[in-house]
file start_27.pdb (PDB, C-alpha atoms, pLDDT in the B column)
ATOM      1  CA  MET Z 124     -11.509  -4.483  14.945  1.00 80.00           C
ATOM      2  CA  LYS Z 125      -9.589  -1.217  14.645  1.00 85.00           C
ATOM      3  CA  LYS Z 126      -6.511  -3.132  13.507  1.00 85.00           C
ATOM      4  CA  ILE Z 127      -8.431  -4.813  10.688  1.00 90.00           C
ATOM      5  CA  ARG Z 128      -9.978  -1.519   9.580  1.00 92.00           C
ATOM      6  CA  ASN Z 129      -6.565   0.190   9.483  1.00 90.00           C
ATOM      7  CA  TYR Z 130      -5.124  -2.745   7.526  1.00 92.00           C
ATOM      8  CA  LEU Z 131      -7.888  -2.654   4.927  1.00 93.00           C
ATOM      9  CA  ILE Z 132      -7.731   1.122   4.509  1.00 94.00           C
ATOM     10  CA  LEU Z 133      -3.957   1.107   4.083  1.00 93.00           C
ATOM     11  CA  THR Z 134      -3.986  -1.887   1.741  1.00 94.00           C
ATOM     12  CA  PHE Z 135      -6.632  -0.530  -0.610  1.00 95.00           C
ATOM     13  CA  LEU Z 136      -5.135   2.952  -0.480  1.00 94.00           C
ATOM     14  CA  LEU Z 137      -1.693   1.688  -1.534  1.00 94.00           C
ATOM     15  CA  THR Z 138      -3.062  -0.587  -4.235  1.00 95.00           C
ATOM     16  CA  TYR Z 139      -5.608   1.772  -5.763  1.00 95.00           C
ATOM     17  CA  VAL Z 140      -3.376   4.848  -5.676  1.00 95.00           C
ATOM     18  CA  SER Z 141      -0.391   3.104  -7.279  1.00 94.00           C
ATOM     19  CA  TRP Z 142      -2.465   1.350  -9.938  1.00 92.00           C
ATOM     20  CA  GLY Z 143      -4.562   4.475 -10.508  1.00 93.00           C
ATOM     21  CA  ILE Z 144      -1.460   6.549 -11.194  1.00 92.00           C
ATOM     22  CA  MET Z 145      -0.243   3.832 -13.535  1.00 90.00           C
ATOM     23  CA  ILE Z 146      -3.562   3.738 -15.403  1.00 88.00           C
ATOM     24  CA  MET Z 147      -3.770   7.512 -15.750  1.00 91.00           C
ATOM     25  CA  TYR Z 148      -0.163   7.746 -16.952  1.00 88.00           C
ATOM     26  CA  THR Z 149      -0.663   5.142 -19.668  1.00 87.00           C
ATOM     27  CA  GLN Z 150      -3.944   6.655 -20.866  1.00 87.00           C
ATOM     28  CA  VAL Z 151      -2.911  10.326 -20.834  1.00 88.00           C
ATOM     29  CA  ASN Z 152       0.492   9.801 -22.435  1.00 84.00           C
ATOM     30  CA  ASN Z 153      -0.708   6.960 -24.669  1.00 83.00           C
ATOM     31  CA  VAL Z 154       2.239   4.717 -23.807  1.00 82.00           C
ATOM     32  CA  PRO Z 155       2.306   0.945 -23.280  1.00 82.00           C
ATOM     33  CA  PHE Z 156       2.552  -0.501 -19.800  1.00 75.00           C
ATOM     34  CA  SER Z 157       6.038  -1.922 -20.315  1.00 76.00           C
ATOM     35  CA  SER Z 158       7.513   1.369 -21.529  1.00 79.00           C
ATOM     36  CA  SER Z 159       9.378   2.423 -18.368  1.00 82.00           C
ATOM     37  CA  ILE Z 160      10.731   1.196 -15.051  1.00 88.00           C
ATOM     38  CA  PHE Z 161       8.417   3.688 -13.299  1.00 86.00           C
ATOM     39  CA  MET Z 162       5.425   1.616 -14.410  1.00 87.00           C
ATOM     40  CA  LEU Z 163       6.985  -1.574 -13.086  1.00 89.00           C
ATOM     41  CA  ILE Z 164       7.682   0.054  -9.709  1.00 91.00           C
ATOM     42  CA  LEU Z 165       4.068   1.235  -9.427  1.00 89.00           C
ATOM     43  CA  TYR Z 166       2.822  -2.236 -10.349  1.00 90.00           C
ATOM     44  CA  VAL Z 167       5.009  -3.925  -7.729  1.00 92.00           C
ATOM     45  CA  ILE Z 168       3.904  -1.449  -5.036  1.00 92.00           C
ATOM     46  CA  GLY Z 169       0.293  -2.283  -5.884  1.00 92.00           C
ATOM     47  CA  VAL Z 170       0.935  -6.015  -5.771  1.00 93.00           C
ATOM     48  CA  VAL Z 171       2.742  -5.975  -2.422  1.00 94.00           C
ATOM     49  CA  GLY Z 172       0.321  -3.427  -0.938  1.00 92.00           C
ATOM     50  CA  PRO Z 173      -1.324  -6.037   1.328  1.00 92.00           C
ATOM     51  CA  ALA Z 174       2.050  -7.140   2.699  1.00 91.00           C
ATOM     52  CA  ILE Z 175       3.155  -3.552   3.293  1.00 91.00           C
ATOM     53  CA  GLY Z 176      -0.161  -2.838   5.017  1.00 90.00           C
ATOM     54  CA  ALA Z 177       0.216  -5.828   7.327  1.00 88.00           C
ATOM     55  CA  ILE Z 178       3.771  -4.897   8.295  1.00 88.00           C
ATOM     56  CA  VAL Z 179       2.899  -1.262   8.980  1.00 89.00           C
ATOM     57  CA  VAL Z 180      -0.202  -2.070  11.040  1.00 88.00           C
ATOM     58  CA  ASN Z 181       1.546  -4.780  13.068  1.00 85.00           C
ATOM     59  CA  LYS Z 182       4.566  -2.571  13.757  1.00 82.00           C
ATOM     60  CA  LYS Z 183       2.274   0.193  14.987  1.00 69.00           C
ATOM     61  CA  TRP Z 184       0.364  -2.123  17.322  1.00 65.00           C
ATOM     62  CA  ILE Z 185       3.505  -3.843  18.633  1.00 67.00           C
ATOM     63  CA  LEU Z 186       5.079  -0.456  19.350  1.00 62.00           C
ATOM     64  CA  MET Z 187       1.963   0.725  21.187  1.00 61.00           C
ATOM     65  CA  TYR Z 188       1.856  -2.499  23.234  1.00 60.00           C
ATOM     66  CA  ASN Z 189       5.507  -2.160  24.243  1.00 61.00           C
ATOM     67  CA  ILE Z 190       4.954   1.426  25.369  1.00 53.00           C
ATOM     68  CA  LYS Z 191       1.992   0.352  27.505  1.00 58.00           C
ATOM     69  CA  VAL Z 192       3.966  -2.486  29.086  1.00 56.00           C
ATOM     70  CA  PHE Z 193       6.905  -0.219  29.867  1.00 50.00           C
TER      71      PHE Z 193
END
call {"tool": "encode", "arguments": {"input": "start_27.pdb", "output": "structure tokens"}}
result
Amino acid sequence: MKKIRNYLILTFLLTYVSWGIMIMYTQVNNVPFSSSIFMLILYVIGVVGPAIGAIVVNKKWILMYNIKVF
């Protein structure tokens, strides 16, 4: 259960923070979404947030398991 909770927290944190920054930047500076590469990078980070979350959580748990076995 702890693994699922960590995955969900990390996933939503990555997605909401990256998209939130993107939304604030476009609204404050009054620029279109496609105006810079920075916006595209933030969008891609938000889209692949679930995959990044899964990799990070699984790496952490695999590392902890290997230390226990050793």
call {"tool": "residues_around", "arguments": {"input": "start_27.pdb", "residues": "stretch 144-150 of chain Z", "least_positions_apart": "2", "cutoff": "10 Å", "atoms": "only C-alpha atoms", "output": "ChimeraX atom specification"}}
result
/Z:139-142,152-158,161-166,169
call {"tool": "write_last_selection", "arguments": {"input": "start_27.pdb", "atoms": "C-alpha atoms", "output": "JSON list (two decimals), keeping the file's coordinate frame"}}
result
[["chain", "number", "residue", "atom", "x", "y", "z"],
["Z", 139, "TYR", "CA", -5.61, 1.77, -5.76],
["Z", 140, "VAL", "CA", -3.38, 4.85, -5.68],
["Z", 141, "SER", "CA", -0.39, 3.10, -7.28],
["Z", 142, "TRP", "CA", -2.46, 1.35, -9.94],
["Z", 152, "ASN", "CA", 0.49, 9.80, -22.44],
["Z", 153, "ASN", "CA", -0.71, 6.96, -24.67],
["Z", 154, "VAL", "CA", 2.24, 4.72, -23.81],
["Z", 155, "PRO", "CA", 2.31, 0.94, -23.28],
["Z", 156, "PHE", "CA", 2.55, -0.50, -19.80],
["Z", 157, "SER", "CA", 6.04, -1.92, -20.32],
["Z", 158, "SER", "CA", 7.51, 1.37, -21.53],
["Z", 161, "PHE", "CA", 8.42, 3.69, -13.30],
["Z", 162, "MET", "CA", 5.42, 1.62, -14.41],
["Z", 163, "LEU", "CA", 6.98, -1.57, -13.09],
["Z", 164, "ILE", "CA", 7.68, 0.05, -9.71],
["Z", 165, "LEU", "CA", 4.07, 1.24, -9.43],
["Z", 166, "TYR", "CA", 2.82, -2.24, -10.35],
["Z", 169, "GLY", "CA", 0.29, -2.28, -5.88]]
call {"tool": "atom_distance", "arguments": {"input": "start_27.pdb", "atom1": "atom CA of Z:Val179", "atom2": "atom CA of Z:Ile160"}}
result
25.4 Å
call {"tool": "residues_around", "arguments": {"input": "start_27.pdb", "residues": "stretch 125-134 of chain Z", "least_positions_apart": "4", "cutoff": "6 Å", "atoms": "only C-alpha atoms", "output": "list in words"}}
result
Gly172, Pro173 and Gly176 of chain Z
